[in-house]
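Written below as structure tokens is the structure these notes are about.
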Amino acid sequence: MFQGPAGRYAPSPSGDLHFGNLRTAVLAWLFARQSGRNFYMRVEDIDSERSSAESAKRQLEDLAALGIEWDEPVLYQHDRGDAYAQALAALPTYECYCTRRDIREAASAPHAQPGMYPGTCRDLPEELRAFRRLTLSSEGRLPAIRLRADVREWTVRDFYHGEFTGPVDDVILRRGGRFDQAQAGDWAYNLAVVVDDGFQGVDQVVRGDDLLFSAPAQAYVASLLGYEEPEYVHVPLVVNAENKRLAKRDGAVTLREMAQASGVQGVLHMLAESIGADPSDLLGSFDPSRLPRAPWVWR
Ligand code: GLU
């Protein structure tokens, strides 16, 4: 069904895409098609509380309106539970009983690395594990499953950032939760993204550079599952006048809102300008080496 080599765009359907998302989507499409790859859309709706089918539909409509085309079918993560379960079973893992508060407190201890799981549940003796499991289940809750990583860092290659070495911790692969709510929403992004990229033959990952930091852990998980590491292309974000990542509250930033003032063609002009390409021939004129390396300021 899916065939590599391929690129992809993987939006989370929790509202309309804004100018920054659209720009990243255009770049992902350009990188894939200029290099003769297949190009897939993947709807990252594992977070069932925040995702909606209506939002996914609108996002795909907006991407098509900009002239982006993709190979069928569209992959929806809510259909992929079996594949994630299979991958989880193949990885070295352990149960984690920590609450958010436990993790916060452990993170404030001396020598704790900010943002990294300190390994509290990694080497618990079996009796203690049984006790924690029982306590959780009496509250109607399930433990999270973490990766038992045997490296502390990993190096990836990125088109714009060169060799990038970043920390790898025992990332969550399946979230804890309540028994009564256990469903597809429990899978963690760091597992789903790797399993799906592998499944779809994705060997080129173009996305916002706020995700560069998570690439080493994902590449490490990919290596454990026997997947080739993709070529990473982390592109600069679009920011607002205060140099903060563009968000919906920054004004008329979605395609539908912007098109009211300047038409879809006007939006396309802005997008083309922001990546240094000719709006009448994006595919023929885009030159990756001329993409501005600084964040693009939205006006
Ligand atoms: N779904 C993620 C997002 O919308 C993108 C993940 C990725 O490209 O790896 O931010």
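Residue numbering restarts at 1 in every chain; chains get A, B, ... in the order shown in the structure tokens, and ligands count up from 1 in that same order.
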
For the contact check between chain A and ligand 1, emit one row per residue of chain A within 10 Å, containing the shortest atom pair and the distance in Å rounded to one decimal, counting only C-alpha atoms and all ligand atoms, chain then rising number order, as CSV.
residue,atom,partner,partner_atom_place_in_ligand_line,distance
A:Arg8,CA,ligand 1,8 (O),7.9
A:Tyr9,CA,ligand 1,8 (O),6.3
A:Ala10,CA,ligand 1,1 (N),5.0
A:Pro11,CA,ligand 1,4 (O),4.0
A:Ser12,CA,ligand 1,4 (O),4.4
A:Pro13,CA,ligand 1,4 (O),7.8
A:Ser14,CA,ligand 1,4 (O),9.0
A:Leu17,CA,ligand 1,4 (O),9.2
A:Asn21,CA,ligand 1,4 (O),7.8
A:Thr24,CA,ligand 1,8 (O),9.4
A:Ala25,CA,ligand 1,8 (O),9.6
A:Ala28,CA,ligand 1,8 (O),9.5
A:Arg42,CA,ligand 1,1 (N),8.4
A:Val43,CA,ligand 1,1 (N),7.5
A:Glu44,CA,ligand 1,1 (N),5.2
A:Asp45,CA,ligand 1,1 (N),8.1
A:Ile46,CA,ligand 1,1 (N),9.4
A:Tyr189,CA,ligand 1,6 (C),7.8
A:Asn190,CA,ligand 1,9 (O),8.5
A:Ala192,CA,ligand 1,9 (O),9.4
A:Val193,CA,ligand 1,9 (O),6.0
A:Val194,CA,ligand 1,9 (O),8.5
A:Asp196,CA,ligand 1,9 (O),10.0
A:Asp197,CA,ligand 1,9 (O),8.8
A:Val205,CA,ligand 1,8 (O),6.9
A:Val206,CA,ligand 1,8 (O),6.8
A:Arg207,CA,ligand 1,8 (O),5.0
A:Gly208,CA,ligand 1,8 (O),7.4
A:Asp209,CA,ligand 1,8 (O),9.8
A:Asp210,CA,ligand 1,10 (O),8.7
A:Leu211,CA,ligand 1,9 (O),7.2
A:Leu212,CA,ligand 1,9 (O),9.5
A:Ser214,CA,ligand 1,9 (O),8.9
A:Ala215,CA,ligand 1,9 (O),8.5
A:Gln218,CA,ligand 1,9 (O),9.3
A:Tyr232,CA,ligand 1,9 (O),10.0
A:His234,CA,ligand 1,8 (O),9.4

Could you list, as a tab-separated table (two decimals) with C-alpha atoms, in the first residue's frame, every residue within 12 Å of Arg37 (chain A), counting only C-alpha atoms and ignoring same-chain residues fewer than 2 positions away?
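out32.tsv was written with the following content:
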chain	number	residue	atom	x	y	z
A	2	PHE	CA	2.79	2.41	0.94
A	3	GLN	CA	6.06	2.58	-0.84
A	4	GLY	CA	9.32	4.29	-0.14
A	5	PRO	CA	11.36	6.25	-0.66
A	6	ALA	CA	8.86	8.76	0.65
A	7	GLY	CA	8.43	12.02	2.45
A	8	ARG	CA	5.41	12.98	4.52
A	28	ALA	CA	7.85	18.87	3.04
A	29	TRP	CA	6.06	18.50	-0.29
A	30	LEU	CA	8.81	20.36	-2.18
A	31	PHE	CA	11.61	18.32	-0.62
A	32	ALA	CA	9.82	15.05	-1.40
A	33	ARG	CA	8.79	15.82	-4.96
A	34	GLN	CA	12.02	17.53	-5.97
A	35	SER	CA	13.88	14.39	-4.93
A	39	PHE	CA	4.65	11.98	-0.56
A	40	TYR	CA	2.12	10.93	2.07
A	70	TRP	CA	-0.06	13.59	-2.21
A	71	ASP	CA	-0.11	9.87	-2.82
A	200	GLN	CA	5.14	4.12	5.09
A	201	GLY	CA	8.69	3.85	3.76
A	202	VAL	CA	9.42	7.40	4.89
A	203	ASP	CA	13.13	8.08	4.58
A	204	GLN	CA	12.89	11.88	4.59
A	205	VAL	CA	11.36	13.71	7.55

Looking only at alpha helix (DSSP H) from DSSP on the backbone, list the matching residues of region 81-288 of chain A as an NGL selection string. :A and (81-90 or 100-107 or 126-138 or 189-199 or 215-224 or 255-275 or 282-285)

Restrict the calculation to only C-alpha atoms, then for each residue of region 27-107 of chain A with any atom at most 8 Å from an atom of region 128-145 of chain A give the closest atom pair and their distance in Å to one decimal, rows by chain and rising residue number, as a Markdown table.
| residue | atom | partner | partner_atom | distance |
| --- | --- | --- | --- | --- |
| A:Thr93 | CA | A:Ile145 | CA | 6.5 |
| A:Tyr94 | CA | A:Ile145 | CA | 5.7 |
| A:Glu95 | CA | A:Ile145 | CA | 4.7 |
| A:Cys96 | CA | A:Ala144 | CA | 5.1 |
| A:Tyr97 | CA | A:Pro143 | CA | 5.2 |

With only C-alpha atoms as the counted atoms, please give the residues lying no more than 9 Å from Tyr117 (chain A), apart from itself and same-chain residues fewer than 4 positions off, as a ChimeraX atom specification. /A:103,106-107,112-113,169-171

May I have the residues within 10 Å of Arg293 (chain A) as a ChimeraX atom specification, using only C-alpha atoms and disregarding those fewer than 5 positions away in the same chain? /A:160-161,235-237,275

Nearest to Glu153 (chain A) by atom-to-atom distance, counting only C-alpha atoms, from A:Thr120, A:Asn243, A:Gln59, A:Thr165: A:Thr165

With only C-alpha atoms as the basis for distance, which of A:Asn38, A:Asn240, A:Ser280, A:Ser289 is at the shortest distance from Phe159 (chain A)?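 Closest residue, counting only C-alpha atoms: A:Ser289.
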